[in-house]
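S.K.: Got upload_38.cif for you, mmCIF, C-alpha atoms:
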data_protein
loop_
_atom_site.label_atom_id
_atom_site.label_comp_id
_atom_site.auth_asym_id
_atom_site.auth_seq_id
_atom_site.Cartn_x
_atom_site.Cartn_y
_atom_site.Cartn_z
CA MET A 1164 114.28 -49.50 -99.99
CA ALA A 1165 115.19 -50.02 -96.35
CA ASN A 1166 118.86 -50.54 -95.56
CA PRO A 1167 119.24 -54.15 -94.31
CA ILE A 1168 122.12 -53.25 -92.00
CA PHE A 1169 119.73 -51.22 -89.86
CA SER A 1170 116.18 -52.26 -90.81
CA THR A 1171 116.62 -55.81 -89.56
CA LEU A 1172 118.09 -54.80 -86.22
CA PRO A 1173 115.96 -55.41 -83.13
CA MET A 1174 115.11 -52.69 -80.63
CA THR A 1175 118.02 -52.19 -78.26
CA VAL A 1176 117.78 -54.05 -74.98
CA PHE A 1177 118.05 -50.72 -73.14
CA GLU A 1178 114.97 -49.30 -74.86
CA GLU A 1179 113.10 -52.58 -74.46
CA MET A 1180 113.68 -52.84 -70.71
CA SER A 1181 113.23 -49.12 -70.06
CA GLY A 1182 110.00 -49.19 -72.08
CA LEU A 1183 108.70 -52.07 -69.98
CA ALA A 1184 109.73 -50.21 -66.82
CA ARG A 1185 107.78 -47.12 -67.94
CA ASP A 1186 104.72 -49.10 -68.98
CA LEU A 1187 104.63 -51.20 -65.82
CA GLY A 1188 105.74 -48.56 -63.32
CA ALA A 1189 108.80 -50.61 -62.41
CA VAL A 1190 111.97 -49.47 -60.65
CA ASN A 1191 114.52 -48.94 -63.44
CA LEU A 1192 117.96 -50.33 -62.60
CA GLY A 1193 118.51 -51.08 -66.27
CA GLN A 1194 119.36 -47.97 -68.28
CA GLY A 1195 122.44 -46.08 -67.08
CA PHE A 1196 121.40 -42.64 -65.99
CA PRO A 1197 121.69 -41.10 -62.50
CA ASP A 1198 118.86 -39.87 -60.32
CA ASP A 1199 121.01 -36.87 -59.34
CA PRO A 1200 120.42 -33.89 -61.70
CA GLY A 1201 124.13 -33.08 -62.01
CA PRO A 1202 126.18 -30.11 -60.79
CA GLU A 1203 123.93 -27.08 -60.32
CA SER A 1204 126.70 -24.63 -61.15
CA ILE A 1205 127.23 -26.17 -64.60
CA ARG A 1206 123.49 -26.31 -65.29
CA ALA A 1207 123.26 -22.64 -64.32
CA LYS A 1208 126.04 -21.79 -66.78
CA ALA A 1209 124.11 -23.53 -69.56
CA ALA A 1210 120.91 -21.64 -68.70
CA ASP A 1211 122.75 -18.32 -68.61
CA ALA A 1212 124.40 -19.09 -71.96
CA ILE A 1213 120.98 -19.62 -73.55
CA LEU A 1214 119.64 -16.33 -72.23
CA ASN A 1215 122.72 -14.16 -72.61
CA GLY A 1216 125.09 -16.00 -74.90
CA TYR A 1217 125.47 -17.01 -78.53
CA ASN A 1218 122.73 -19.29 -79.92
CA GLN A 1219 123.71 -19.60 -83.58
CA TYR A 1220 125.92 -22.22 -85.24
CA PRO A 1221 129.20 -22.58 -83.37
CA PRO A 1222 132.33 -23.72 -85.22
CA MET A 1223 132.08 -27.22 -86.64
CA ALA A 1224 134.99 -28.55 -84.56
CA GLY A 1225 133.62 -27.01 -81.37
CA LEU A 1226 133.92 -23.80 -79.41
CA PRO A 1227 137.61 -22.91 -79.02
CA GLU A 1228 137.07 -22.44 -75.28
CA LEU A 1229 135.78 -26.02 -74.93
CA ARG A 1230 138.53 -27.52 -77.06
CA GLN A 1231 141.08 -25.71 -74.88
CA ALA A 1232 139.28 -26.90 -71.73
CA VAL A 1233 139.30 -30.52 -72.92
CA ALA A 1234 143.01 -30.36 -73.68
CA GLY A 1235 143.66 -28.72 -70.31
CA HIS A 1236 141.57 -31.27 -68.40
CA TYR A 1237 143.36 -34.24 -69.95
CA GLY A 1238 146.70 -32.54 -69.38
CA ARG A 1239 145.98 -32.13 -65.66
CA THR A 1240 144.32 -35.48 -65.03
CA GLN A 1241 146.05 -37.88 -67.44
CA GLY A 1242 149.29 -36.20 -68.45
CA LEU A 1243 148.27 -35.80 -72.09
CA ASP A 1244 149.77 -33.04 -74.22
CA LEU A 1245 147.00 -32.33 -76.72
CA ASP A 1246 146.92 -29.44 -79.16
CA ALA A 1247 143.41 -28.04 -78.77
CA LEU A 1248 143.10 -26.78 -82.33
CA SER A 1249 144.51 -29.73 -84.28
CA GLU A 1250 143.77 -32.69 -81.99
CA VAL A 1251 140.37 -32.05 -80.29
CA THR A 1252 136.93 -32.17 -81.93
CA ILE A 1253 133.63 -31.67 -80.07
CA THR A 1254 130.79 -34.02 -81.00
CA SER A 1255 127.12 -34.44 -80.13
CA GLY A 1256 127.77 -37.18 -77.63
CA ALA A 1257 130.22 -40.07 -77.53
CA THR A 1258 128.07 -42.25 -79.79
CA GLU A 1259 128.38 -39.63 -82.51
CA ALA A 1260 132.12 -39.58 -81.83
CA LEU A 1261 132.18 -43.35 -82.35
CA ALA A 1262 130.23 -42.97 -85.59
CA ALA A 1263 132.67 -40.33 -86.81
CA ALA A 1264 135.61 -42.58 -85.97
CA PHE A 1265 134.16 -45.64 -87.69
CA LEU A 1266 132.84 -43.81 -90.76
CA GLY A 1267 135.86 -41.52 -91.06
CA LEU A 1268 138.58 -44.14 -90.72
CA ILE A 1269 137.35 -47.62 -91.67
CA GLU A 1270 137.66 -48.66 -95.32
CA PRO A 1271 135.53 -51.45 -96.82
CA GLY A 1272 136.98 -54.84 -95.91
CA ASP A 1273 139.03 -53.61 -92.94
CA GLU A 1274 139.02 -56.11 -90.09
CA VAL A 1275 138.10 -54.58 -86.71
CA VAL A 1276 138.75 -56.41 -83.44
CA VAL A 1277 135.85 -55.88 -81.02
CA PHE A 1278 135.58 -57.24 -77.49
CA GLN A 1279 132.30 -58.76 -76.29
CA PRO A 1280 130.15 -57.88 -74.35
CA VAL A 1281 129.88 -54.84 -76.57
CA TYR A 1282 128.06 -51.50 -76.54
CA ASP A 1283 125.22 -52.07 -78.97
CA ALA A 1284 126.10 -49.20 -81.35
CA TYR A 1285 129.54 -50.56 -82.29
CA LEU A 1286 128.70 -53.40 -84.67
CA PRO A 1287 126.02 -51.73 -86.85
CA LEU A 1288 128.22 -48.66 -87.29
CA ILE A 1289 131.33 -50.71 -88.11
CA ARG A 1290 129.39 -52.68 -90.70
CA ARG A 1291 127.84 -49.52 -92.14
CA ALA A 1292 131.40 -48.25 -92.67
CA GLY A 1293 132.27 -51.48 -94.51
CA GLY A 1294 134.32 -52.95 -91.66
CA VAL A 1295 134.41 -56.65 -90.79
CA PRO A 1296 134.11 -57.19 -87.03
CA LYS A 1297 136.38 -59.85 -85.46
CA LEU A 1298 134.60 -60.67 -82.21
CA VAL A 1299 136.55 -61.59 -79.09
CA SER A 1300 134.57 -62.87 -76.11
CA LEU A 1301 135.58 -61.84 -72.60
CA ARG A 1302 134.31 -63.95 -69.69
CA PRO A 1303 133.34 -63.23 -66.08
CA PRO A 1304 134.34 -62.66 -63.41
CA LEU A 1305 137.48 -60.79 -64.57
CA TRP A 1306 136.54 -59.97 -68.20
CA ARG A 1307 140.23 -59.78 -69.24
CA PHE A 1308 142.22 -60.78 -72.32
CA ASP A 1309 145.70 -62.32 -72.52
CA ARG A 1310 148.39 -62.86 -75.11
CA ALA A 1311 146.80 -66.01 -76.50
CA THR A 1312 143.49 -64.15 -76.92
CA LEU A 1313 145.12 -61.34 -78.89
CA GLU A 1314 147.23 -63.71 -80.98
CA ALA A 1315 144.01 -65.43 -82.08
CA ALA A 1316 142.27 -62.10 -82.78
CA PHE A 1317 144.91 -60.09 -84.68
CA SER A 1318 145.95 -60.95 -88.23
CA GLU A 1319 147.47 -59.31 -91.29
CA ARG A 1320 143.96 -58.08 -92.16
CA THR A 1321 143.43 -56.30 -88.82
CA ARG A 1322 143.31 -52.51 -89.18
CA PHE A 1323 141.47 -51.38 -86.03
CA VAL A 1324 140.66 -52.46 -82.50
CA VAL A 1325 137.83 -50.99 -80.42
CA LEU A 1326 138.47 -50.76 -76.69
CA ASN A 1327 135.93 -49.74 -74.04
CA ASN A 1328 137.81 -48.94 -70.84
CA PRO A 1329 136.51 -48.56 -68.12
CA ASN A 1330 134.15 -51.21 -69.42
CA ASN A 1331 130.38 -51.16 -69.54
CA PRO A 1332 128.84 -53.62 -68.72
CA ALA A 1333 131.68 -55.41 -66.93
CA GLY A 1334 132.54 -52.59 -64.50
CA THR A 1335 136.25 -53.34 -64.98
CA VAL A 1336 139.20 -50.97 -65.29
CA LEU A 1337 141.95 -52.64 -67.29
CA PRO A 1338 145.29 -52.98 -65.49
CA HIS A 1339 148.57 -51.74 -66.89
CA GLU A 1340 149.73 -55.15 -68.11
CA ASP A 1341 146.63 -55.67 -70.28
CA LEU A 1342 146.90 -52.22 -71.82
CA ALA A 1343 150.62 -52.62 -72.46
CA LEU A 1344 149.94 -55.95 -74.15
CA LEU A 1345 147.25 -54.44 -76.39
CA ALA A 1346 149.55 -51.53 -77.30
CA GLU A 1347 152.27 -54.02 -78.21
CA PHE A 1348 149.91 -55.79 -80.62
CA CYS A 1349 148.70 -52.52 -82.14
CA VAL A 1350 152.25 -51.42 -82.88
CA ALA A 1351 153.32 -54.83 -84.20
CA HIS A 1352 150.31 -55.08 -86.56
CA ASP A 1353 150.10 -51.34 -87.44
CA VAL A 1354 146.60 -51.16 -85.96
CA THR A 1355 144.69 -48.02 -84.92
CA ALA A 1356 142.85 -48.20 -81.59
CA ILE A 1357 139.46 -46.51 -81.18
CA CYS A 1358 139.16 -46.04 -77.43
CA ASP A 1359 135.75 -45.47 -75.84
CA GLU A 1360 136.81 -43.98 -72.49
CA VAL A 1361 133.56 -42.29 -71.48
CA TRP A 1362 133.73 -43.70 -67.93
CA GLU A 1363 137.27 -42.42 -67.28
CA GLN A 1364 136.22 -40.22 -64.31
CA VAL A 1365 133.95 -42.86 -62.76
CA VAL A 1366 136.59 -45.09 -61.15
CA PHE A 1367 136.59 -46.42 -57.59
CA GLY A 1368 139.01 -47.35 -54.83
CA ASN A 1369 142.56 -48.14 -55.91
CA ALA A 1370 141.64 -48.66 -59.56
CA ARG A 1371 143.31 -46.25 -61.97
CA HIS A 1372 142.28 -45.37 -65.51
CA ARG A 1373 145.20 -45.31 -67.94
CA PRO A 1374 144.49 -44.02 -71.46
CA LEU A 1375 145.84 -46.32 -74.16
CA ILE A 1376 147.03 -43.25 -76.07
CA THR A 1377 149.78 -42.74 -73.44
CA TYR A 1378 151.45 -46.09 -74.14
CA PRO A 1379 154.59 -46.40 -76.29
CA GLY A 1380 153.80 -46.20 -80.00
CA MET A 1381 150.12 -45.27 -79.47
CA ARG A 1382 150.20 -41.45 -79.63
CA GLU A 1383 149.81 -41.42 -83.42
CA ARG A 1384 147.58 -44.50 -83.70
CA CYS A 1385 144.90 -43.91 -81.08
CA VAL A 1386 141.51 -42.16 -81.07
CA LYS A 1387 140.44 -41.20 -77.55
CA ILE A 1388 136.71 -40.60 -76.95
CA GLY A 1389 135.33 -38.87 -73.86
CA SER A 1390 131.91 -37.73 -72.66
CA ALA A 1391 130.87 -34.70 -70.63
CA GLY A 1392 127.58 -36.47 -70.00
CA LYS A 1393 129.33 -39.24 -68.08
CA MET A 1394 131.84 -36.90 -66.42
CA PHE A 1395 129.13 -34.68 -64.94
CA GLY A 1396 126.17 -37.05 -64.74
CA LEU A 1397 124.35 -35.07 -67.44
CA THR A 1398 123.65 -37.93 -69.83
CA GLY A 1399 121.04 -36.02 -71.85
CA TRP A 1400 123.44 -33.24 -72.83
CA LYS A 1401 125.23 -35.36 -75.45
CA VAL A 1402 128.55 -33.51 -75.54
CA GLY A 1403 131.45 -35.72 -76.56
CA PHE A 1404 135.17 -35.32 -77.26
CA LEU A 1405 137.29 -36.80 -80.05
CA CYS A 1406 141.02 -36.60 -79.37
CA ALA A 1407 143.63 -37.84 -81.83
CA ALA A 1408 146.78 -36.90 -83.70
CA PRO A 1409 146.28 -34.35 -86.52
CA VAL A 1410 146.35 -36.87 -89.36
CA LEU A 1411 143.53 -38.84 -87.71
CA THR A 1412 141.63 -35.74 -86.61
CA HIS A 1413 141.53 -34.54 -90.22
CA SER A 1414 139.39 -37.57 -91.17
CA LEU A 1415 137.39 -37.59 -87.92
CA ALA A 1416 136.34 -33.95 -88.29
CA ARG A 1417 135.25 -34.44 -91.88
CA ALA A 1418 133.01 -37.33 -90.89
CA HIS A 1419 131.65 -35.31 -87.95
CA GLN A 1420 130.72 -32.37 -90.19
CA PHE A 1421 128.30 -34.59 -92.14
CA LEU A 1422 126.81 -36.31 -89.07
CA THR A 1423 125.68 -33.55 -86.71
CA PHE A 1424 127.99 -30.74 -87.91
CA THR A 1425 128.01 -29.14 -84.47
CA THR A 1426 126.74 -29.24 -80.88
CA PRO A 1427 124.55 -26.74 -78.95
CA PRO A 1428 126.79 -23.78 -78.02
CA ASN A 1429 125.24 -23.21 -74.59
CA LEU A 1430 126.07 -26.78 -73.55
CA GLN A 1431 129.59 -26.47 -74.93
CA SER A 1432 130.13 -23.25 -73.00
CA ALA A 1433 128.86 -24.79 -69.76
CA VAL A 1434 131.02 -27.91 -70.18
CA ALA A 1435 134.07 -25.73 -70.82
CA TRP A 1436 133.43 -23.90 -67.55
CA GLY A 1437 132.82 -27.19 -65.76
CA LEU A 1438 136.08 -28.77 -66.88
CA GLU A 1439 138.00 -25.77 -65.56
CA ASN A 1440 136.10 -25.40 -62.26
CA SER A 1441 135.04 -28.84 -61.02
CA GLU A 1442 138.02 -30.31 -59.20
CA ASP A 1443 135.88 -30.99 -56.12
CA TRP A 1444 133.22 -32.71 -58.26
CA PHE A 1445 135.76 -35.08 -59.79
CA VAL A 1446 136.85 -36.08 -56.28
CA GLN A 1447 133.43 -36.37 -54.62
CA MET A 1448 131.35 -37.83 -57.45
CA PRO A 1449 133.20 -41.20 -57.57
CA ARG A 1450 133.02 -41.47 -53.77
CA ASP A 1451 129.27 -40.96 -53.81
CA LEU A 1452 128.82 -43.53 -56.55
CA GLU A 1453 131.09 -45.97 -54.72
CA ARG A 1454 128.85 -45.65 -51.66
CA SER A 1455 125.81 -46.39 -53.83
CA ARG A 1456 127.62 -49.36 -55.36
CA ASP A 1457 128.32 -50.73 -51.88
CA ARG A 1458 124.73 -50.20 -50.75
CA LEU A 1459 123.38 -52.16 -53.71
CA THR A 1460 126.06 -54.85 -53.38
CA GLU A 1461 125.46 -55.41 -49.67
CA GLY A 1462 121.69 -55.49 -50.08
CA LEU A 1463 121.88 -58.03 -52.89
CA ILE A 1464 124.23 -60.28 -50.94
CA ARG A 1465 121.81 -60.22 -47.99
CA GLU A 1466 119.12 -61.46 -50.36
CA GLY A 1467 121.24 -64.35 -51.62
CA PHE A 1468 122.73 -62.95 -54.81
CA ALA A 1469 126.31 -63.47 -55.98
CA VAL A 1470 127.69 -60.07 -57.00
CA LEU A 1471 130.70 -59.50 -59.25
CA GLY A 1472 133.08 -56.69 -58.34
CA SER A 1473 132.75 -53.25 -59.94
CA GLN A 1474 135.79 -50.98 -60.25
CA GLY A 1475 134.04 -48.24 -62.21
CA THR A 1476 131.07 -47.06 -64.32
CA TYR A 1477 127.48 -46.93 -63.00
CA PHE A 1478 127.10 -50.71 -63.08
CA LEU A 1479 127.59 -53.95 -61.23
CA ASN A 1480 126.72 -57.49 -62.28
CA VAL A 1481 124.91 -60.39 -60.64
CA ASP A 1482 125.82 -63.99 -61.44
CA LEU A 1483 122.50 -65.82 -61.56
CA ALA A 1484 123.94 -69.33 -61.67
CA ALA A 1485 126.13 -68.64 -58.63
CA SER A 1486 123.04 -67.11 -56.95
CA GLY A 1487 121.14 -70.39 -57.30
CA VAL A 1488 118.80 -69.09 -60.03
CA ALA A 1489 118.00 -71.62 -62.76
CA LEU A 1490 117.00 -69.08 -65.39
CA GLY A 1491 118.95 -67.45 -68.17
CA ASP A 1492 119.59 -63.73 -67.85
CA ARG A 1493 116.94 -62.63 -70.36
CA ASP A 1494 114.21 -64.79 -68.83
CA PHE A 1495 115.15 -63.55 -65.36
CA CYS A 1496 115.06 -59.90 -66.49
CA LEU A 1497 111.63 -60.34 -68.08
CA ARG A 1498 110.35 -62.00 -64.92
CA SER A 1499 111.88 -59.25 -62.80
CA VAL A 1500 110.24 -56.37 -64.67
CA LYS A 1501 106.86 -58.05 -65.28
CA ASP A 1502 106.34 -59.96 -62.03
CA ALA A 1503 108.51 -58.13 -59.50
CA GLY A 1504 108.56 -54.55 -60.82
CA VAL A 1505 112.26 -53.96 -61.39
CA ALA A 1506 114.13 -53.55 -64.70
CA ALA A 1507 117.64 -54.91 -65.31
CA ILE A 1508 119.76 -55.68 -68.39
CA PRO A 1509 120.61 -59.22 -69.56
CA VAL A 1510 124.29 -59.12 -70.50
CA SER A 1511 123.74 -61.82 -73.14
CA ALA A 1512 122.06 -59.09 -75.25
CA LEU A 1513 125.48 -57.43 -75.54
CA PHE A 1514 127.00 -60.46 -77.28
CA GLU A 1515 126.49 -61.27 -80.96
CA GLU A 1516 127.84 -64.80 -80.69
CA ALA A 1517 128.64 -67.33 -77.92
CA PRO A 1518 126.94 -65.20 -75.23
CA VAL A 1519 127.39 -65.43 -71.50
CA THR A 1520 123.82 -66.14 -70.38
CA SER A 1521 123.92 -65.98 -66.59
CA ILE A 1522 124.92 -62.35 -65.91
CA VAL A 1523 122.52 -59.48 -65.17
CA ARG A 1524 123.66 -55.83 -65.15
CA LEU A 1525 122.27 -53.36 -62.63
CA CYS A 1526 122.69 -49.57 -62.45
CA PHE A 1527 123.54 -48.13 -59.02
CA SER A 1528 123.67 -44.40 -59.86
CA LYS A 1529 120.35 -44.00 -58.05
CA ARG A 1530 118.93 -42.59 -54.83
CA ASP A 1531 119.06 -44.81 -51.75
CA GLU A 1532 115.30 -45.35 -51.80
CA THR A 1533 115.46 -46.45 -55.45
CA LEU A 1534 118.25 -48.90 -54.69
CA ASP A 1535 116.46 -50.27 -51.65
CA ALA A 1536 113.25 -50.77 -53.63
CA GLY A 1537 115.25 -52.47 -56.37
CA ILE A 1538 116.87 -54.85 -53.89
CA GLU A 1539 113.49 -55.78 -52.43
CA ARG A 1540 112.00 -56.43 -55.87
CA LEU A 1541 114.98 -58.38 -57.14
CA ALA A 1542 114.69 -60.58 -54.06
CA LYS A 1543 111.07 -61.20 -55.04
CA ALA A 1544 112.14 -62.07 -58.58
CA ARG A 1545 114.70 -64.53 -57.20
CA GLU A 1546 112.05 -66.09 -54.98
CA LEU A 1547 109.71 -66.49 -57.98
CA SER A 1548 112.42 -68.10 -60.12
CA PRO A 1549 113.28 -71.80 -60.30
CA LYS A 1550 116.34 -72.70 -58.24
CA THR A 1551 119.50 -74.65 -58.96
CA ALA A 1552 121.05 -76.96 -56.40
CA ASP A 1553 121.83 -75.10 -53.20
CA SER A 1554 124.99 -73.05 -53.43
CA ALA A 1555 126.33 -70.38 -51.11
CA PRO A 1556 126.30 -66.93 -52.76
CA ALA A 1557 129.73 -65.60 -53.52
CA SER A 1558 131.20 -62.46 -52.01
CA PRO A 1559 131.79 -59.57 -54.40
CA ARG A 1560 134.80 -60.30 -56.58
CA THR A 1561 136.86 -57.29 -57.56
CA PRO A 1562 138.64 -57.81 -60.89
CA ALA A 1563 142.40 -57.86 -60.53
#
Would you mind writing the structure in this file as C-alpha cells?
M.R.:
Amino acid sequence: MANPIFSTLPMTVFEEMSGLARDLGAVNLGQGFPDDPGPESIRAKAADAILNGYNQYPPMAGLPELRQAVAGHYGRTQGLDLDALSEVTITSGATEALAAAFLGLIEPGDEVVVFQPVYDAYLPLIRRAGGVPKLVSLRPPLWRFDRATLEAAFSERTRFVVLNNPNNPAGTVLPHEDLALLAEFCVAHDVTAICDEVWEQVVFGNARHRPLITYPGMRERCVKIGSAGKMFGLTGWKVGFLCAAPVLTHSLARAHQFLTFTTPPNLQSAVAWGLENSEDWFVQMPRDLERSRDRLTEGLIREGFAVLGSQGTYFLNVDLAASGVALGDRDFCLRSVKDAGVAAIPVSALFEEAPVTSIVRLCFSKRDETLDAGIERLAKARELSPKTADSAPASPRTPA
C-alpha cells in the first residue's frame, strides 16, 4: 500500500515549472542552477580521480581527506573548531543530510519549529520521522522574526527548530540580533537547531553569514549542513556536509548509513582538493553573482517591476502587487511560462498555510543573454497581465 505521507504529495513546484520550461522551450529562471559549469580545476580533479583513483566503496562517513578539508575550511572561514573524525559526516547532497538529521534525531511527537516559506523537502521528511511541524510565517520584504514571533512558536513540546540561513527563497542573510535571539530561545527551551546553511558562501556586499553553531550554548545543540554543490556551483554533484557535536553525529551517521551509505569517491576527492585550493574562487564567485543580480534587478526595474533586495543565494524576488500586477504569483508564473516563454517560481508554493501570494522568485545565476531574455519575456508577461491601480514600482529593498 502506498504511504500517504508521500503518495498524496503533489509534484514539486520546481519540477513543474522546469518541466513546462523544457516542454515549451522557455527561458528557465525558476530552478536554481547556474549556467556556468563550475571551476575547471575541480572538475579536472574529479575526472582524474575516476581514471586513476579509487572507485570502490569509500568509508561510510566520508573520505578522511574530505572530512579534514571540511573541518579546515570552516576553521579558516567561520572560526569553527571541528574534529574531522567525530564531528563531520559526508552525505550525498544537503537534502540527504537533512533527511539524516530529521530521521536520526526526531522522535515521534516531537514538535519542530519551521519557518515559512520553506524548502519543500522539510515537511514531508519531518512528518516521516514522526515530528509535528509548528509553522511560523515570515513576511516580505524583510522576512525576519522577532521575540514575539518566537514566544508564540516555542513551547514545552518544542524539541527542534529548522533554520535556513542564508534563506532561499527570501535571499536574506540573518543579522546577528536575530541569530542571538534564536540561540537564546534554543538554550532556554533545550531545543536542537538543524541549520541548512548551503548558501553560506553565496553572500553579497556587506552581508555576513554567521553560523548559529558559534553562538553561546549552541555548540552542543546545533547541526550544521553545508553543500559543495552550492559552494562551487556544481549542483549535480550532490556532496553535502553534516557537522555536529559527537553525541549528535553518532545518530546522524547511523541514519546516513541506511539512506545512501556513502558518496562517490571521485567527487569527494575533488571537493577535498577544492576546499583547500579555491580561495580565489570564494572571493570572485560572489562578486560575479552579485553583478548578475544587479543586471537582473536593473532590467526588471526598467520594465516596471518592484524588486525586493537580495543579500545572498542565487535568487531575488519580485513583488507583483507593488509592480501593478493584479494576478496571484501562481497565475502569473503560469502565464509567464506559457504565454511569454519564461519560467519563475511562485513563492506561495513554499508555504503550507497562510501563504504570501504576490511574490515571484527568479534565479540570476545565469549568463547575461539568459538574463536579458528573461527580462524581456517577463516584461511581456506583465504587459499581458491585468493591472492594479497605477503605482510607482519600488526600488530594490535590501533587508536590514
S.K.: Would you write out, as an MDAnalysis selection string, every residue that the PyMOL selection byres ((chain A and resi 1494) around 12) captures in this file?
M.R.: chainID A and resid 1483 1488:1493 1495:1502 1506:1512 1520:1523 1544:1545 1547:1549
S.K.: Considering all atoms listed in the file, return as a PyMOL selection string whatever protein or nucleic-acid residues lie within 9 Å of A:Ala1224, sequence-local ones (same chain, fewer than 5 positions apart) excluded.
M.R.: chain A and resi 1230+1248+1251-1254+1416+1419-1420+1424-1425
S.K.: Store the residues picked out above in a file with C-alpha atoms, as a PDB file, in the coordinates of the input.
M.R.:
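Result written to result.pdb:
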ATOM      1  CA  ARG A1230     138.530 -27.520 -77.060  1.00  0.00           C
ATOM      2  CA  LEU A1248     143.100 -26.780 -82.330  1.00  0.00           C
ATOM      3  CA  VAL A1251     140.370 -32.050 -80.290  1.00  0.00           C
ATOM      4  CA  THR A1252     136.930 -32.170 -81.930  1.00  0.00           C
ATOM      5  CA  ILE A1253     133.630 -31.670 -80.070  1.00  0.00           C
ATOM      6  CA  THR A1254     130.790 -34.020 -81.000  1.00  0.00           C
ATOM      7  CA  ALA A1416     136.340 -33.950 -88.290  1.00  0.00           C
ATOM      8  CA  HIS A1419     131.650 -35.310 -87.950  1.00  0.00           C
ATOM      9  CA  GLN A1420     130.720 -32.370 -90.190  1.00  0.00           C
ATOM     10  CA  PHE A1424     127.990 -30.740 -87.910  1.00  0.00           C
ATOM     11  CA  THR A1425     128.010 -29.140 -84.470  1.00  0.00           C
TER      12      THR A1425
END
S.K.: Distance atom CA of A:Asp1531-atom CA of A:Gly1182, one decimal place?
M.R.: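 Atom-to-atom, atom CA of A:Asp1531 to atom CA of A:Gly1182, that is 22.7 Å.
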S.K.: Pick out the closest residue to A:Pro1197 from this set: A:Val1354, A:Leu1286, A:Met1394, A:Leu1298. Count all atoms listed in the file.
M.R.: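 Checking each candidate against A:Pro1197, we get A:Met1394 as the closest.
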S.K.: So that I can check the surroundings of stretch 1237-1244 of chain A, please list as a ChimeraX atom specification every protein, DNA and RNA residue that reaches within 8 Å of it, counting all atoms listed in the file and ignoring chain neighbours fewer than 5 positions away.
M.R.: /A:1373-1374,1377
S.K.: Looking at all atoms listed in the file, which of A:Leu1397, A:Leu1305, A:Ala1260, A:Leu1226 is the one that sits closest to A:Ala1333?
M.R.: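 Comparing A:Leu1397, A:Leu1305, A:Ala1260, A:Leu1226 against A:Ala1333, the winner is A:Leu1305.
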S.K.: As a check of understanding, name the residues that the PyMOL selection byres ((chain A and resi 1321-1330) around 7) selects in the supplied structure, as JSON, numbers by chain.
M.R.: {"A": [1273, 1274, 1275, 1276, 1277, 1317, 1318, 1319, 1320, 1331, 1332, 1333, 1334, 1335, 1336, 1337, 1354, 1355, 1356, 1357, 1358, 1359, 1360, 1362, 1363, 1475, 1476]}
S.K.: Can you tell me which residues surround A:Pro1280 at a distance of at most 7 Å, considering all atoms listed in the file, apart from same-chain residues fewer than 2 positions away, and format the answer as a PDB file with C-alpha atoms, in the frame of the given file?
M.R.:
ATOM      1  CA  PHE A1278     135.580 -57.240 -77.490  1.00  0.00           C
ATOM      2  CA  SER A1300     134.570 -62.870 -76.110  1.00  0.00           C
ATOM      3  CA  LEU A1301     135.580 -61.840 -72.600  1.00  0.00           C
ATOM      4  CA  LEU A1513     125.480 -57.430 -75.540  1.00  0.00           C
ATOM      5  CA  PHE A1514     127.000 -60.460 -77.280  1.00  0.00           C
TER       6      PHE A1514
END
S.K.: Some atoms are absent from stretch 1293-1302 of chain A, so rebuild N, CA, C and O atoms and return them as a PDB file, in the frame of the given file.
M.R.:
ATOM      1  N   GLY A1293     131.639 -50.467 -93.665  1.00  0.00           N
ATOM      2  CA  GLY A1293     132.270 -51.480 -94.510  1.00  0.00           C
ATOM      3  C   GLY A1293     133.266 -52.346 -93.772  1.00  0.00           C
ATOM      4  O   GLY A1293     133.926 -53.192 -94.385  1.00  0.00           O
ATOM      5  N   GLY A1294     133.388 -52.147 -92.446  1.00  0.00           N
ATOM      6  CA  GLY A1294     134.320 -52.950 -91.660  1.00  0.00           C
ATOM      7  C   GLY A1294     133.800 -54.355 -91.410  1.00  0.00           C
ATOM      8  O   GLY A1294     132.605 -54.626 -91.494  1.00  0.00           O
ATOM      9  N   VAL A1295     134.729 -55.251 -91.092  1.00  0.00           N
ATOM     10  CA  VAL A1295     134.410 -56.650 -90.790  1.00  0.00           C
ATOM     11  C   VAL A1295     134.778 -56.913 -89.338  1.00  0.00           C
ATOM     12  O   VAL A1295     135.966 -57.020 -89.003  1.00  0.00           O
ATOM     13  N   PRO A1296     133.788 -56.980 -88.437  1.00  0.00           N
ATOM     14  CA  PRO A1296     134.110 -57.190 -87.030  1.00  0.00           C
ATOM     15  C   PRO A1296     134.727 -58.565 -86.775  1.00  0.00           C
ATOM     16  O   PRO A1296     134.274 -59.572 -87.330  1.00  0.00           O
ATOM     17  N   LYS A1297     135.786 -58.589 -85.962  1.00  0.00           N
ATOM     18  CA  LYS A1297     136.380 -59.850 -85.460  1.00  0.00           C
ATOM     19  C   LYS A1297     136.071 -59.864 -83.965  1.00  0.00           C
ATOM     20  O   LYS A1297     136.666 -59.114 -83.193  1.00  0.00           O
ATOM     21  N   LEU A1298     135.109 -60.692 -83.576  1.00  0.00           N
ATOM     22  CA  LEU A1298     134.600 -60.670 -82.210  1.00  0.00           C
ATOM     23  C   LEU A1298     135.470 -61.501 -81.287  1.00  0.00           C
ATOM     24  O   LEU A1298     135.845 -62.637 -81.606  1.00  0.00           O
ATOM     25  N   VAL A1299     135.773 -60.928 -80.131  1.00  0.00           N
ATOM     26  CA  VAL A1299     136.550 -61.590 -79.090  1.00  0.00           C
ATOM     27  C   VAL A1299     135.720 -61.586 -77.814  1.00  0.00           C
ATOM     28  O   VAL A1299     135.329 -60.520 -77.329  1.00  0.00           O
ATOM     29  N   SER A1300     135.423 -62.773 -77.294  1.00  0.00           N
ATOM     30  CA  SER A1300     134.570 -62.870 -76.110  1.00  0.00           C
ATOM     31  C   SER A1300     135.389 -62.817 -74.839  1.00  0.00           C
ATOM     32  O   SER A1300     136.345 -63.585 -74.667  1.00  0.00           O
ATOM     33  N   LEU A1301     135.009 -61.895 -73.946  1.00  0.00           N
ATOM     34  CA  LEU A1301     135.580 -61.840 -72.600  1.00  0.00           C
ATOM     35  C   LEU A1301     134.611 -62.530 -71.645  1.00  0.00           C
ATOM     36  O   LEU A1301     133.401 -62.513 -71.860  1.00  0.00           O
ATOM     37  N   ARG A1302     135.136 -63.129 -70.576  1.00  0.00           N
ATOM     38  CA  ARG A1302     134.310 -63.950 -69.690  1.00  0.00           C
ATOM     39  C   ARG A1302     134.409 -63.479 -68.255  1.00  0.00           C
ATOM     40  O   ARG A1302     135.464 -63.017 -67.804  1.00  0.00           O
TER      41      ARG A1302
END
